[in-house]
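Have a look at upload21.cif below; it lists mmCIF, C-alpha atoms.
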```cif
data_target
#
loop_
_atom_site.label_atom_id
_atom_site.label_comp_id
_atom_site.auth_asym_id
_atom_site.auth_seq_id
_atom_site.Cartn_x
_atom_site.Cartn_y
_atom_site.Cartn_z
CA MET A 28 20.15 -9.28 -9.01
CA THR A 29 21.57 -5.77 -8.94
CA TRP A 30 20.44 -2.35 -7.94
CA ASP A 31 19.14 -1.86 -11.45
CA THR A 32 16.24 -4.14 -10.67
CA ILE A 33 14.60 -1.95 -8.09
CA ASN A 34 13.60 1.64 -7.81
CA VAL A 35 13.79 3.04 -4.31
CA GLY A 36 12.39 6.51 -4.12
CA THR A 37 11.39 8.66 -1.22
CA HIS A 38 11.02 11.80 -3.32
CA PHE A 39 8.61 12.18 -6.17
CA ASP A 40 10.31 13.49 -9.27
CA GLN A 41 8.28 13.56 -12.45
CA GLU A 42 11.38 14.05 -14.57
CA SER A 43 13.59 11.20 -13.54
CA SER A 44 11.68 8.49 -11.69
CA VAL A 45 11.42 6.05 -14.54
CA PHE A 46 11.82 2.37 -13.75
CA VAL A 47 13.20 0.26 -16.61
CA ALA A 48 12.47 -3.44 -16.27
CA PRO A 49 15.74 -5.42 -16.42
CA ARG A 50 13.89 -8.58 -17.45
CA ARG A 51 10.46 -10.03 -18.15
CA GLY A 52 8.46 -10.66 -15.01
CA VAL A 53 5.75 -9.71 -12.56
CA TYR A 54 6.52 -6.50 -10.72
CA SER A 55 4.91 -5.01 -7.65
CA PHE A 56 4.50 -1.23 -7.58
CA ASN A 57 3.36 0.97 -4.76
CA PHE A 58 2.96 4.73 -4.79
CA HIS A 59 1.84 7.46 -2.42
CA VAL A 60 1.85 10.92 -3.96
CA VAL A 61 1.27 13.58 -1.32
CA LYS A 62 -0.15 17.00 -2.09
CA ALA A 63 0.18 19.80 0.44
CA TYR A 64 -1.81 23.01 0.97
CA ASN A 65 -3.62 22.47 -2.27
CA ARG A 66 -7.39 22.26 -2.69
CA GLN A 67 -7.58 20.83 -6.16
CA THR A 68 -8.21 17.22 -7.05
CA ILE A 69 -5.25 15.32 -8.39
CA GLN A 70 -5.14 12.08 -10.34
CA VAL A 71 -1.92 10.11 -10.48
CA ASN A 72 -1.45 7.28 -12.96
CA LEU A 73 1.05 4.48 -12.92
CA MET A 74 2.12 4.41 -16.56
CA VAL A 75 3.78 1.63 -18.53
CA ASN A 76 5.24 2.73 -21.86
CA GLY A 77 2.74 5.57 -22.09
CA TRP A 78 -0.36 3.59 -21.06
CA PRO A 79 -2.15 4.06 -17.74
CA MET A 80 -2.30 0.87 -15.64
CA ILE A 81 -3.53 2.02 -12.23
CA SER A 82 -4.93 5.35 -11.03
CA ALA A 83 -5.19 7.07 -7.67
CA PHE A 84 -6.99 10.19 -6.53
CA ALA A 85 -6.78 12.83 -3.81
CA GLY A 86 -9.27 15.64 -3.63
CA ASP A 87 -9.96 16.65 -0.09
CA GLN A 88 -10.75 20.32 0.42
CA ASP A 89 -9.86 20.82 4.06
CA VAL A 90 -6.70 18.85 4.60
CA THR A 91 -3.17 20.22 4.44
CA ARG A 92 -1.66 16.92 3.35
CA GLU A 93 -3.30 14.12 1.49
CA ALA A 94 -2.00 11.19 -0.52
CA ALA A 95 -3.16 9.69 -3.81
CA THR A 96 -2.14 6.10 -3.26
CA ASN A 97 -2.44 2.76 -4.99
CA ALA A 98 -0.54 -0.47 -5.58
CA GLY A 99 -0.65 -3.44 -7.85
CA LEU A 100 1.06 -6.15 -9.83
CA VAL A 101 2.09 -5.50 -13.42
CA ILE A 102 3.67 -7.75 -16.03
CA LEU A 103 6.60 -6.02 -17.70
CA GLU A 104 8.69 -7.08 -20.66
CA LYS A 105 12.41 -6.41 -20.59
CA GLY A 106 12.97 -2.72 -21.27
CA ASP A 107 9.44 -1.63 -20.39
CA LYS A 108 9.27 1.71 -18.63
CA ALA A 109 7.12 2.29 -15.57
CA TYR A 110 6.63 5.74 -14.05
CA LEU A 111 4.11 8.02 -12.43
CA ARG A 112 2.23 10.72 -14.31
CA LEU A 113 0.18 13.49 -12.84
CA GLU A 114 -2.96 13.14 -14.94
CA LYS A 115 -5.08 15.90 -13.38
CA GLY A 116 -4.29 18.85 -11.14
CA ASN A 117 -0.84 19.96 -10.11
CA LEU A 118 1.48 19.59 -7.17
CA MET A 119 1.92 23.30 -6.51
CA GLY A 120 2.53 23.52 -2.78
CA GLY A 121 4.82 20.55 -2.69
CA TRP A 122 4.98 16.78 -2.84
CA LYS A 123 7.33 16.13 0.05
CA PHE A 124 6.94 12.67 1.62
CA SER A 125 5.76 11.11 -1.64
CA THR A 126 7.07 7.62 -2.38
CA PHE A 127 7.25 5.34 -5.40
CA SER A 128 8.68 1.85 -5.14
CA GLY A 129 8.71 -1.32 -7.17
CA PHE A 130 10.36 -4.70 -7.21
CA LEU A 131 10.43 -7.93 -9.17
CA VAL A 132 8.09 -10.48 -7.59
CA PHE A 133 9.18 -13.28 -9.90
CA PRO A 134 10.56 -13.61 -13.45
CA LEU A 135 8.51 -15.04 -16.30
CA MET B 4 5.61 -20.65 -10.58
CA THR B 5 2.66 -20.11 -12.85
CA TRP B 6 -0.07 -17.58 -13.30
CA ASP B 7 -2.15 -19.53 -10.84
CA THR B 8 -0.03 -18.20 -8.05
CA ILE B 9 -0.94 -14.57 -8.42
CA ASN B 10 -4.07 -12.57 -8.73
CA VAL B 11 -3.69 -9.44 -10.83
CA GLY B 12 -6.77 -7.32 -10.74
CA THR B 13 -7.41 -3.77 -11.75
CA HIS B 14 -11.15 -4.05 -11.43
CA PHE B 15 -12.98 -4.87 -8.24
CA ASP B 16 -15.44 -7.70 -8.70
CA GLN B 17 -17.09 -9.11 -5.63
CA GLU B 18 -18.28 -12.17 -7.48
CA SER B 19 -15.13 -13.49 -9.06
CA SER B 20 -12.06 -12.00 -7.38
CA VAL B 21 -11.28 -14.97 -5.20
CA PHE B 22 -7.64 -15.91 -4.82
CA VAL B 23 -7.02 -19.60 -4.14
CA ALA B 24 -3.62 -20.32 -2.60
CA PRO B 25 -1.73 -22.84 -4.73
CA ARG B 26 0.46 -23.84 -1.77
CA ARG B 27 1.18 -23.13 1.88
CA GLY B 28 3.07 -19.90 2.40
CA VAL B 29 3.18 -16.26 3.37
CA TYR B 30 1.25 -14.05 0.97
CA SER B 31 1.23 -10.29 0.59
CA PHE B 32 -2.10 -8.65 -0.21
CA ASN B 33 -2.83 -5.07 -1.10
CA PHE B 34 -6.19 -3.52 -1.84
CA HIS B 35 -7.58 -0.11 -2.71
CA VAL B 36 -11.35 -0.03 -3.05
CA VAL B 37 -12.52 3.28 -4.48
CA LYS B 38 -15.99 4.67 -3.93
CA ALA B 39 -17.27 7.47 -6.13
CA TYR B 40 -20.00 10.08 -5.59
CA ASN B 41 -21.16 8.30 -2.47
CA ARG B 42 -21.41 9.86 0.98
CA GLN B 43 -21.78 6.76 3.07
CA THR B 44 -19.04 5.08 5.03
CA ILE B 45 -17.78 1.82 3.64
CA GLN B 46 -15.81 -0.92 5.33
CA VAL B 47 -13.91 -3.43 3.23
CA ASN B 48 -12.52 -6.62 4.73
CA LEU B 49 -9.84 -8.90 3.39
CA MET B 50 -11.40 -12.30 4.09
CA VAL B 51 -9.74 -15.69 4.32
CA ASN B 52 -12.14 -18.63 4.21
CA GLY B 53 -14.93 -16.48 5.60
CA TRP B 54 -12.94 -14.80 8.35
CA PRO B 55 -11.93 -11.12 8.31
CA MET B 56 -8.14 -10.60 8.46
CA ILE B 57 -7.68 -6.89 7.72
CA SER B 58 -10.16 -4.03 7.41
CA ALA B 59 -10.14 -0.66 5.69
CA PHE B 60 -12.50 2.29 5.80
CA ALA B 61 -13.54 5.24 3.68
CA GLY B 62 -16.12 7.70 4.91
CA ASP B 63 -15.43 11.15 3.66
CA GLN B 64 -18.50 13.32 3.05
CA ASP B 65 -17.18 15.85 0.57
CA VAL B 66 -14.98 13.92 -1.77
CA THR B 67 -16.03 12.46 -5.09
CA ARG B 68 -13.54 9.62 -4.97
CA GLU B 69 -12.01 8.01 -1.95
CA ALA B 70 -10.27 4.70 -1.34
CA ALA B 71 -10.53 2.24 1.51
CA THR B 72 -7.02 0.82 1.45
CA ASN B 73 -4.90 -1.59 3.43
CA ALA B 74 -2.20 -4.20 3.00
CA GLY B 75 -0.62 -6.99 4.94
CA LEU B 76 0.96 -10.39 5.13
CA VAL B 77 -1.19 -13.47 5.63
CA ILE B 78 -0.31 -17.14 6.07
CA LEU B 79 -2.40 -19.32 3.79
CA GLU B 80 -2.70 -23.08 3.62
CA LYS B 81 -2.99 -24.72 0.22
CA GLY B 82 -6.53 -24.18 -1.04
CA ASP B 83 -7.34 -21.27 1.27
CA LYS B 84 -9.48 -18.61 -0.32
CA ALA B 85 -8.73 -14.90 0.01
CA TYR B 86 -11.10 -12.22 -1.24
CA LEU B 87 -12.55 -8.81 -0.46
CA ARG B 88 -15.93 -8.33 1.18
CA LEU B 89 -17.84 -5.11 1.49
CA GLU B 90 -18.73 -5.25 5.18
CA LYS B 91 -20.57 -1.94 5.48
CA GLY B 92 -22.08 0.48 2.97
CA ASN B 93 -22.36 -0.11 -0.73
CA LEU B 94 -20.53 0.83 -3.89
CA MET B 95 -23.45 2.48 -5.62
CA GLY B 96 -21.87 5.13 -7.82
CA GLY B 97 -19.04 2.91 -8.97
CA TRP B 98 -15.78 1.34 -7.90
CA LYS B 99 -13.73 2.12 -10.97
CA PHE B 100 -9.97 2.28 -10.30
CA SER B 101 -10.18 -0.18 -7.44
CA THR B 102 -7.34 -2.71 -7.21
CA PHE B 103 -6.72 -5.98 -5.41
CA SER B 104 -3.41 -7.79 -5.72
CA GLY B 105 -1.56 -10.53 -3.94
CA PHE B 106 1.54 -12.66 -4.35
CA LEU B 107 3.48 -15.39 -2.62
CA VAL B 108 6.32 -13.89 -0.56
CA PHE B 109 7.80 -17.27 0.31
CA PRO B 110 6.54 -20.84 0.77
CA LEU B 111 6.35 -22.49 4.19
CA MET C 13 13.61 -18.69 6.05
CA THR C 14 11.85 -18.64 9.41
CA TRP C 15 9.24 -16.59 11.14
CA ASP C 16 12.01 -14.35 12.41
CA THR C 17 12.35 -12.85 8.98
CA ILE C 18 8.94 -11.30 8.76
CA ASN C 19 6.75 -9.17 10.91
CA VAL C 20 3.07 -9.84 10.54
CA GLY C 21 0.99 -7.40 12.48
CA THR C 22 -2.66 -6.60 12.37
CA HIS C 23 -2.58 -4.54 15.53
CA PHE C 24 -0.48 -1.44 16.01
CA ASP C 25 1.57 -1.60 19.17
CA GLN C 26 4.05 1.17 19.73
CA GLU C 27 5.85 -0.79 22.43
CA SER C 28 6.61 -4.08 20.76
CA SER C 29 6.34 -3.84 16.98
CA VAL C 30 10.03 -3.69 16.23
CA PHE C 31 11.29 -5.61 13.23
CA VAL C 32 14.93 -6.76 13.50
CA ALA C 33 16.51 -7.56 10.14
CA PRO C 34 17.87 -11.12 10.18
CA ARG C 35 20.27 -10.35 7.32
CA ARG C 36 21.39 -7.63 4.92
CA GLY C 37 18.89 -7.01 2.15
CA VAL C 38 16.13 -4.99 0.56
CA TYR C 39 12.95 -5.03 2.61
CA SER C 40 9.46 -3.94 1.68
CA PHE C 41 7.42 -2.23 4.39
CA ASN C 42 3.79 -1.24 4.36
CA PHE C 43 1.84 0.51 7.09
CA HIS C 44 -1.66 1.80 7.66
CA VAL C 45 -2.14 3.51 11.00
CA VAL C 46 -5.81 4.24 11.65
CA LYS C 47 -7.01 6.95 13.96
CA ALA C 48 -10.62 6.96 15.20
CA TYR C 49 -12.85 9.74 16.53
CA ASN C 50 -9.91 12.09 16.68
CA ARG C 51 -9.71 15.45 14.97
CA GLN C 52 -6.02 16.10 15.28
CA THR C 53 -3.43 15.61 12.58
CA ILE C 54 -1.11 12.70 13.06
CA GLN C 55 2.24 11.99 11.44
CA VAL C 56 3.59 8.45 11.47
CA ASN C 57 7.20 7.72 10.58
CA LEU C 58 8.78 4.45 9.54
CA MET C 59 11.99 4.56 11.56
CA VAL C 60 15.22 2.64 11.03
CA ASN C 61 17.59 2.71 14.00
CA GLY C 62 16.15 6.02 15.15
CA TRP C 63 16.09 7.75 11.75
CA PRO C 64 12.90 8.52 9.84
CA MET C 65 12.74 6.89 6.38
CA ILE C 66 9.16 7.43 5.23
CA SER C 67 6.31 9.54 6.64
CA ALA C 68 2.55 9.42 6.38
CA PHE C 69 -0.18 11.81 7.47
CA ALA C 70 -3.83 11.79 8.43
CA GLY C 71 -5.60 14.97 9.36
CA ASP C 72 -9.20 14.91 8.32
CA GLN C 73 -11.60 16.82 10.58
CA ASP C 74 -14.90 15.14 9.78
CA VAL C 75 -14.11 11.49 9.49
CA THR C 76 -14.44 8.92 12.24
CA ARG C 77 -11.72 6.67 10.88
CA GLU C 78 -8.78 7.64 8.76
CA ALA C 79 -5.46 6.01 7.96
CA ALA C 80 -1.98 7.44 7.67
CA THR C 81 -0.51 5.08 5.11
CA ASN C 82 2.67 4.62 3.15
CA ALA C 83 4.96 1.93 1.80
CA GLY C 84 8.45 1.61 0.43
CA LEU C 85 11.65 -0.32 -0.01
CA VAL C 86 14.45 0.06 2.51
CA ILE C 87 17.94 -1.42 2.64
CA LEU C 88 18.66 -2.89 6.06
CA GLU C 89 21.89 -4.26 7.48
CA LYS C 90 21.73 -7.34 9.68
CA GLY C 91 20.42 -6.29 13.11
CA ASP C 92 18.88 -3.01 11.93
CA LYS C 93 15.65 -2.16 13.67
CA ALA C 94 12.57 -0.93 11.79
CA TYR C 95 9.47 0.32 13.59
CA LEU C 96 6.73 2.91 13.48
CA ARG C 97 6.83 6.12 15.52
CA LEU C 98 3.99 8.51 16.07
CA GLU C 99 5.78 11.77 15.27
CA LYS C 100 2.88 14.19 15.74
CA GLY C 101 -0.51 13.93 17.41
CA ASN C 102 -1.75 10.98 19.43
CA LEU C 103 -3.92 7.94 18.95
CA MET C 104 -6.38 8.71 21.73
CA GLY C 105 -9.63 7.16 20.54
CA GLY C 106 -8.02 4.01 19.28
CA TRP C 107 -5.91 2.56 16.51
CA LYS C 108 -7.88 -0.60 15.83
CA PHE C 109 -7.47 -1.96 12.28
CA SER C 110 -3.97 -0.54 11.96
CA THR C 111 -1.44 -2.75 10.18
CA PHE C 112 2.33 -2.89 9.81
CA SER C 113 4.00 -5.50 7.64
CA GLY C 114 7.38 -6.08 6.09
CA PHE C 115 9.28 -8.77 4.25
CA LEU C 116 12.63 -9.44 2.64
CA VAL C 117 12.44 -8.77 -1.11
CA PHE C 118 15.94 -10.10 -1.77
CA PRO C 119 19.21 -10.40 0.16
CA LEU C 120 22.25 -8.29 -0.66
#
```
Spit out the file's structure as structure tokens when you get a sec.
Amino acid sequence: MTWDTINVGTHFDQESSVFVAPRRGVYSFNFHVVKAYNRQTIQVNLMVNGWPMISAFAGDQDVTREAATNAGLVILEKGDKAYLRLEKGNLMGGWKFSTFSGFLVFPL
Amino acid sequence: MTWDTINVGTHFDQESSVFVAPRRGVYSFNFHVVKAYNRQTIQVNLMVNGWPMISAFAGDQDVTREAATNAGLVILEKGDKAYLRLEKGNLMGGWKFSTFSGFLVFPL
Amino acid sequence: MTWDTINVGTHFDQESSVFVAPRRGVYSFNFHVVKAYNRQTIQVNLMVNGWPMISAFAGDQDVTREAATNAGLVILEKGDKAYLRLEKGNLMGGWKFSTFSGFLVFPL
């Protein structure tokens, strides 16, 4: 198993944080997208090949930092792409401290 | 390892989302129970055979959607049952986007 | 694999909850630090050998219980120490229901 099989990220980057499954299997994903100094509601989706699998929300009015967070198991075929998409709102103000991680639980 | 060993759920169902351990081992569980348009405080417990192992809370007054979330490792014997129980409050208003997942980290 | 390789914790203890990696590998960590009846903002860091790897925040004014939560994958060398540090604020009022867990995803 090589580095290609996991995606370690401590910075949220909508452009480049795409995880490509190296083989068929069950994968565990976990994300915490932090918004800062921003009163709007955000929705973050874990996407697989363009389809939303899991959603998370953050919409507190009076908090400087808040995370939209979720986690789950997903079956991916070899070559499937998993990534985060900001479905509603924006991250104006920053997304420092956001994380997105995934790993192969077991192959199928 | 077969499908019996994991519980993939993207919808929270108090009736049917019971995970039965196929063998003795250390299991990782992760849950995010979302309440919507509901001002009460909820407490969600990860139960094993009727005993609470981990709790999570959500009690924000001014937010349309908020998640009670937690995660942890639990040792299960073969046949042990793990599930979520709403300990306080209710989910009137909906629990769409809630997730509950678990997998075997390693056998004992 | 023995009990030394994992850290199961359902109670947050700043003194003793240090995870020592038994071998080189990729580890998954997950923490939920709950503050209760406390209006200050807290920042919790997942530390490795004195360096912060991941941060989480909780700063709600009107909630009795709130969790600073995050998760991620970290590469540890044999003997590396991983633990939580309260970077800002304090946990006066209690940290009951806090959790900190980690496990080896695969060796390197």
Pull out every residue of chain A sitting within 6 Å of chain B, counting all atoms listed in the file, and send them as a PDB file with C-alpha atoms, keeping the file's coordinate frame.
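Ended up saving to result-v4.pdb:
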```
ATOM      1  CA  SER A  82      -4.930   5.350 -11.030  1.00  0.00           C
ATOM      2  CA  ASP A  87      -9.960  16.650  -0.090  1.00  0.00           C
ATOM      3  CA  GLY A  99      -0.650  -3.440  -7.850  1.00  0.00           C
ATOM      4  CA  LEU A 100       1.060  -6.150  -9.830  1.00  0.00           C
TER       5      LEU A 100
END
```
Point to revise | For Ile54 in chain C: contacts at 6 Å, only C-alpha atoms, fewer than 5 positions along chain excluded, given as a VMD selection string | key: chain C and resid 69 to 70 100 to 101
Chain fit of chain B to chain A, all Cα atoms, as a short mmCIF file (atom, residue, chain, number, x, y, z; two decimals) with C-alpha atoms, in the frame of the given file:
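Saved result, part-v4.cif, follows:
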```cif
data_model
loop_
_atom_site.label_atom_id
_atom_site.label_comp_id
_atom_site.auth_asym_id
_atom_site.auth_seq_id
_atom_site.Cartn_x
_atom_site.Cartn_y
_atom_site.Cartn_z
CA MET B 4 20.11 -9.36 -8.83
CA THR B 5 21.56 -5.89 -8.79
CA TRP B 6 20.44 -2.42 -7.90
CA ASP B 7 19.21 -2.02 -11.43
CA THR B 8 16.29 -4.22 -10.63
CA ILE B 9 14.66 -1.99 -8.08
CA ASN B 10 13.67 1.60 -7.84
CA VAL B 11 13.87 3.02 -4.34
CA GLY B 12 12.48 6.48 -4.16
CA THR B 13 11.46 8.64 -1.27
CA HIS B 14 11.08 11.75 -3.35
CA PHE B 15 8.65 12.13 -6.21
CA ASP B 16 10.34 13.41 -9.34
CA GLN B 17 8.34 13.46 -12.52
CA GLU B 18 11.41 13.94 -14.64
CA SER B 19 13.66 11.14 -13.52
CA SER B 20 11.67 8.47 -11.68
CA VAL B 21 11.41 6.06 -14.56
CA PHE B 22 11.82 2.39 -13.77
CA VAL B 23 13.19 0.30 -16.63
CA ALA B 24 12.49 -3.42 -16.29
CA PRO B 25 15.74 -5.38 -16.44
CA ARG B 26 13.89 -8.55 -17.48
CA ARG B 27 10.46 -10.00 -18.18
CA GLY B 28 8.47 -10.65 -15.03
CA VAL B 29 5.77 -9.70 -12.58
CA TYR B 30 6.54 -6.49 -10.72
CA SER B 31 4.91 -4.99 -7.66
CA PHE B 32 4.52 -1.21 -7.58
CA ASN B 33 3.37 1.00 -4.76
CA PHE B 34 2.97 4.75 -4.79
CA HIS B 35 1.85 7.47 -2.42
CA VAL B 36 1.83 10.94 -3.95
CA VAL B 37 1.26 13.59 -1.31
CA LYS B 38 -0.17 17.01 -2.08
CA ALA B 39 0.17 19.80 0.45
CA TYR B 40 -1.83 23.01 0.97
CA ASN B 41 -3.65 22.47 -2.29
CA ARG B 42 -7.42 22.25 -2.69
CA GLN B 43 -7.62 20.84 -6.16
CA THR B 44 -8.23 17.23 -7.04
CA ILE B 45 -5.27 15.33 -8.38
CA GLN B 46 -5.16 12.10 -10.33
CA VAL B 47 -1.94 10.12 -10.48
CA ASN B 48 -1.47 7.29 -12.96
CA LEU B 49 1.04 4.48 -12.91
CA MET B 50 2.09 4.42 -16.56
CA VAL B 51 3.77 1.65 -18.52
CA ASN B 52 5.22 2.73 -21.86
CA GLY B 53 2.72 5.58 -22.08
CA TRP B 54 -0.35 3.62 -21.05
CA PRO B 55 -2.15 4.08 -17.72
CA MET B 56 -2.29 0.88 -15.63
CA ILE B 57 -3.54 2.04 -12.22
CA SER B 58 -4.93 5.36 -11.02
CA ALA B 59 -5.21 7.08 -7.66
CA PHE B 60 -6.99 10.20 -6.51
CA ALA B 61 -6.78 12.82 -3.79
CA GLY B 62 -9.29 15.64 -3.61
CA ASP B 63 -9.96 16.65 -0.08
CA GLN B 64 -10.77 20.33 0.44
CA ASP B 65 -9.88 20.81 4.08
CA VAL B 66 -6.73 18.85 4.62
CA THR B 67 -3.21 20.22 4.44
CA ARG B 68 -1.67 16.95 3.34
CA GLU B 69 -3.31 14.12 1.49
CA ALA B 70 -2.00 11.20 -0.53
CA ALA B 71 -3.17 9.70 -3.79
CA THR B 72 -2.14 6.10 -3.24
CA ASN B 73 -2.44 2.77 -4.98
CA ALA B 74 -0.53 -0.44 -5.57
CA GLY B 75 -0.63 -3.43 -7.84
CA LEU B 76 1.08 -6.12 -9.82
CA VAL B 77 2.09 -5.48 -13.42
CA ILE B 78 3.68 -7.73 -16.04
CA LEU B 79 6.61 -6.01 -17.71
CA GLU B 80 8.68 -7.06 -20.69
CA LYS B 81 12.41 -6.40 -20.62
CA GLY B 82 12.95 -2.71 -21.29
CA ASP B 83 9.42 -1.61 -20.41
CA LYS B 84 9.25 1.72 -18.66
CA ALA B 85 7.10 2.31 -15.58
CA TYR B 86 6.62 5.74 -14.06
CA LEU B 87 4.09 8.04 -12.43
CA ARG B 88 2.21 10.72 -14.33
CA LEU B 89 0.14 13.49 -12.85
CA GLU B 90 -2.99 13.15 -14.96
CA LYS B 91 -5.09 15.89 -13.38
CA GLY B 92 -4.31 18.84 -11.12
CA ASN B 93 -0.87 19.96 -10.11
CA LEU B 94 1.47 19.61 -7.17
CA MET B 95 1.89 23.30 -6.49
CA GLY B 96 2.50 23.51 -2.76
CA GLY B 97 4.83 20.54 -2.67
CA TRP B 98 4.95 16.77 -2.84
CA LYS B 99 7.31 16.14 0.04
CA PHE B 100 6.92 12.68 1.61
CA SER B 101 5.74 11.13 -1.63
CA THR B 102 7.05 7.63 -2.38
CA PHE B 103 7.25 5.37 -5.40
CA SER B 104 8.68 1.87 -5.14
CA GLY B 105 8.71 -1.28 -7.17
CA PHE B 106 10.38 -4.68 -7.21
CA LEU B 107 10.45 -7.89 -9.18
CA VAL B 108 8.11 -10.46 -7.59
CA PHE B 109 9.22 -13.26 -9.90
CA PRO B 110 10.59 -13.58 -13.45
CA LEU B 111 8.51 -15.01 -16.29
#
```
**Study point:** Selection: 8 Å around Gly82 in chain B, all atoms listed in the file, excl. self and same-chain fewer than 5 positions, as a list in words
**Key:** Val23, Ala24, Pro25 and Arg26 of chain B
Assuming 4 Å of padding per side, give the centre and edge lengths of the axis-aligned box around every listed atom of range 52-61 of chain C, in Å to one decimal and as lines of an AutoDock Vina configuration file.
```
center_x = 5.8
center_y = 9.4
center_z = 12.4
size_x = 31.6
size_y = 21.5
size_z = 13.7
```
Check your understanding: Near Asn102 in chain C, counting all atoms listed in the file, which residues have an atom at most 12 Å away, once you skip same-chain residues fewer than 2 positions from it, shown as a list in words?
Key -> Gln26, Val45, Val46, Lys47, Ala48, Tyr49, Asn50, Arg51, Gln52, Thr53, Ile54, Gln55, Val56, Ala70, Gly71, Arg97, Leu98, Glu99, Lys100, Met104, Gly105, Gly106 and Trp107 of chain C
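The interatomic distance for the pair CA of Ser29 in chain C and CA of Leu111 in chain B works out to 22.6 Å.
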Revision key, fill the gap. Taken to one decimal, the CA of Ala71 in chain B-CA of Asn48 in chain B distance is 9.6 Å
Exercise for review: May I ask for the distance between CA of Pro110 in chain B and CA of Phe46 in chain A, given in Å to one decimal place?
Suggested key: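 Atom-to-atom, CA of Pro110 in chain B and CA of Phe46 in chain A are spaced 27.9 Å apart.
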Expand the PyMOL selection byres ((chain B and resi 28) around 6) into the explicit residue set it covers here, and present it as an mmCIF file with C-alpha atoms, in the frame of the given file.
```
data_model
loop_
_atom_site.group_PDB
_atom_site.id
_atom_site.type_symbol
_atom_site.label_atom_id
_atom_site.label_comp_id
_atom_site.auth_asym_id
_atom_site.auth_seq_id
_atom_site.Cartn_x
_atom_site.Cartn_y
_atom_site.Cartn_z
ATOM 1 C CA ARG B 27 1.180 -23.130 1.880
ATOM 2 C CA VAL B 29 3.180 -16.260 3.370
ATOM 3 C CA ILE B 78 -0.310 -17.140 6.070
ATOM 4 C CA LEU B 79 -2.400 -19.320 3.790
ATOM 5 C CA PHE B 109 7.800 -17.270 0.310
ATOM 6 C CA PRO B 110 6.540 -20.840 0.770
ATOM 7 C CA LEU B 111 6.350 -22.490 4.190
#
```
